[in-house]
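Asker: If you scroll down you'll find the structure; I have some questions about it.
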Amino acid sequence: MSTVTTTKPSPTAAAPAAGPVPPDEGRIGLRGNLRHIGALARRNILQIKQDPESMFDVLFMPIIFTLLFVFVFGGAISGKGNQGDYVNYVVPGLMAMMGMNIAMGVGTGVNDDFKKGVMDRFRSMPIARSSVLIAKIVVELGRMMVAIAILLGMGFLLGLSIESSVLDLFLAIGLSAVFGASLMWIFILLGLTMKTPQAVQGVAMLVLMPLQFGSSIFAPPTTMPGWLQSFTDVNPLSNLADAARSLINGTPLGNSVWITLAWSVGITLVTMPLAVRKFRQKT
């Protein structure tokens with residue numbers, strides 16, 4: 001006679017937890033972060049493809065600014081009829097200006113994405129929070145390179161000459177990109193802080209105007225009053241413009257390159273963690 005033994009599950013046995021595991025950004029490795037950045041950057045590029053008008057600023061701003069400043073300020077600074085001599089002065093300065101203007105668009109774009117609910121969807125996904133913002137910067141750097149290429153093309157048409165080497169030209173472009181990327185973190189933080197894209201744009205213009213026109217981008221500081229020269233000397237845009245100008249024209253660099261790199265690193269180290277933290281907390 002056989003005996004059948006039945007085993008009942010223990011009432012204290014714990015059932016497996018249901019539902020998705022909350023994303024833990026700390027468990028995402030470098031490869032995962034790069035994959036997320038690549039996917040999000042591709043999404044941003046597809047957005048541009050679907051909305052080609054968003055490239056109008058990149059395509060036309062360098063052309064308009066180059067023609068405007070060369071033929072408006074060129075005669076006053078270099079003498080009437082000698083605007084061509086002004087090209088080698090202003091085009092390297094405009095490289096610095098391109099980065100700042102494009103950085104402003106990053107802040108308004110981030111703010112607009114929150115208004116549309118896009119960022120809320122990203123924050124609900126198991127991805128690194130920083131990858132969302134870094135992907136935006138990667139795409140905007142690509143837009144910046146397009147703007148600088150058009151700017152240089154216009155410069156060559158108006159008589160720009162490279163007095164150093166092609167390598168120095170690429171170093172000037174790279175320096176502008178590094179500084180532009182650091183500025184983007186400032187405007188991302190601004191976009192995450194302000195309530196509307198219009199507010200972001202308004203505050204950004206209040207910052208942009210003094211920095212751009214109170215610098216050596218358009219005119220030598222020696223023509224300015226003493227108090228403005230003091231501001232120009234510490235203006236990071238002046239250092240970037242002077243560094244790019246020296247690299248392209250083959251003149252002594254001084255400390256302008258190192259000062260620009262120091263500004264770039266300092267701005268990034270301060271604003272990047274603040275922007276990522278604000279992104280996590282924003283509702």
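In the structure tokens, each chain is lettered A, B, ... as it comes, each chain's residues begin at 1, and ligands are numbered from 1 in order of appearance.
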Which polymer residues have any atom within 8 Å of an atom of A:Val178, counting only C-alpha atoms, with same-chain residues fewer than 3 positions away left out, as a PyMOL selection string?
Answerer: chain A and resi 174-175+181-182+261+264
Asker: With only C-alpha atoms as the atoms that count, which of A:Ile134, A:Val87, A:Met144, A:Met125 lies nearest to A:Leu59?
Answerer: A:Met144
Asker: Please identify all polymer residues within 8 Å of A:Met98, counting only C-alpha atoms, omitting same-chain residues fewer than 3 positions from it, and present them as a PyMOL selection string.
Answerer: chain A and resi 62+94-95+101-102+144+147-148
Asker: Output N, CA, C and O atoms for every residue in that selection, as a PDB file, in the first residue's frame.
Answerer:
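Once everything was written out, this is out-v9.pdb:
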```pdb
ATOM      1  N   PRO A  62      24.790  82.892 -40.194  1.00  0.00           N
ATOM      2  CA  PRO A  62      26.182  83.231 -40.531  1.00  0.00           C
ATOM      3  C   PRO A  62      26.302  84.145 -41.745  1.00  0.00           C
ATOM      4  O   PRO A  62      27.161  85.038 -41.771  1.00  0.00           O
ATOM      5  N   LEU A  94      33.233  86.049 -34.961  1.00  0.00           N
ATOM      6  CA  LEU A  94      31.885  85.537 -35.183  1.00  0.00           C
ATOM      7  C   LEU A  94      31.789  84.045 -34.893  1.00  0.00           C
ATOM      8  O   LEU A  94      30.709  83.538 -34.596  1.00  0.00           O
ATOM      9  N   MET A  95      32.903  83.323 -34.968  1.00  0.00           N
ATOM     10  CA  MET A  95      32.888  81.910 -34.583  1.00  0.00           C
ATOM     11  C   MET A  95      32.485  81.765 -33.119  1.00  0.00           C
ATOM     12  O   MET A  95      31.751  80.840 -32.747  1.00  0.00           O
ATOM     13  N   ASN A 101      24.895  81.975 -29.675  1.00  0.00           N
ATOM     14  CA  ASN A 101      23.525  82.079 -30.187  1.00  0.00           C
ATOM     15  C   ASN A 101      22.854  80.717 -30.306  1.00  0.00           C
ATOM     16  O   ASN A 101      21.661  80.572 -30.025  1.00  0.00           O
ATOM     17  N   ILE A 102      23.603  79.714 -30.736  1.00  0.00           N
ATOM     18  CA  ILE A 102      23.035  78.370 -30.834  1.00  0.00           C
ATOM     19  C   ILE A 102      22.770  77.801 -29.442  1.00  0.00           C
ATOM     20  O   ILE A 102      21.781  77.095 -29.224  1.00  0.00           O
ATOM     21  N   MET A 144      26.108  73.585 -34.816  1.00  0.00           N
ATOM     22  CA  MET A 144      27.112  74.635 -34.694  1.00  0.00           C
ATOM     23  C   MET A 144      28.202  74.464 -35.742  1.00  0.00           C
ATOM     24  O   MET A 144      28.693  75.446 -36.332  1.00  0.00           O
ATOM     25  N   ALA A 147      26.967  75.794 -38.972  1.00  0.00           N
ATOM     26  CA  ALA A 147      26.981  77.264 -38.968  1.00  0.00           C
ATOM     27  C   ALA A 147      28.395  77.805 -39.176  1.00  0.00           C
ATOM     28  O   ALA A 147      28.602  78.766 -39.937  1.00  0.00           O
ATOM     29  N   ILE A 148      29.387  77.202 -38.521  1.00  0.00           N
ATOM     30  CA  ILE A 148      30.763  77.673 -38.668  1.00  0.00           C
ATOM     31  C   ILE A 148      31.277  77.414 -40.084  1.00  0.00           C
ATOM     32  O   ILE A 148      32.012  78.226 -40.655  1.00  0.00           O
TER      33      ILE A 148
END
```
Asker: Between A:Ala103, A:Glu140, A:Ser54, A:Arg280, single out the one closest to A:Ser124, counting only C-alpha atoms.
Answerer: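 For A:Ser124, the nearest of the candidates is A:Arg280.
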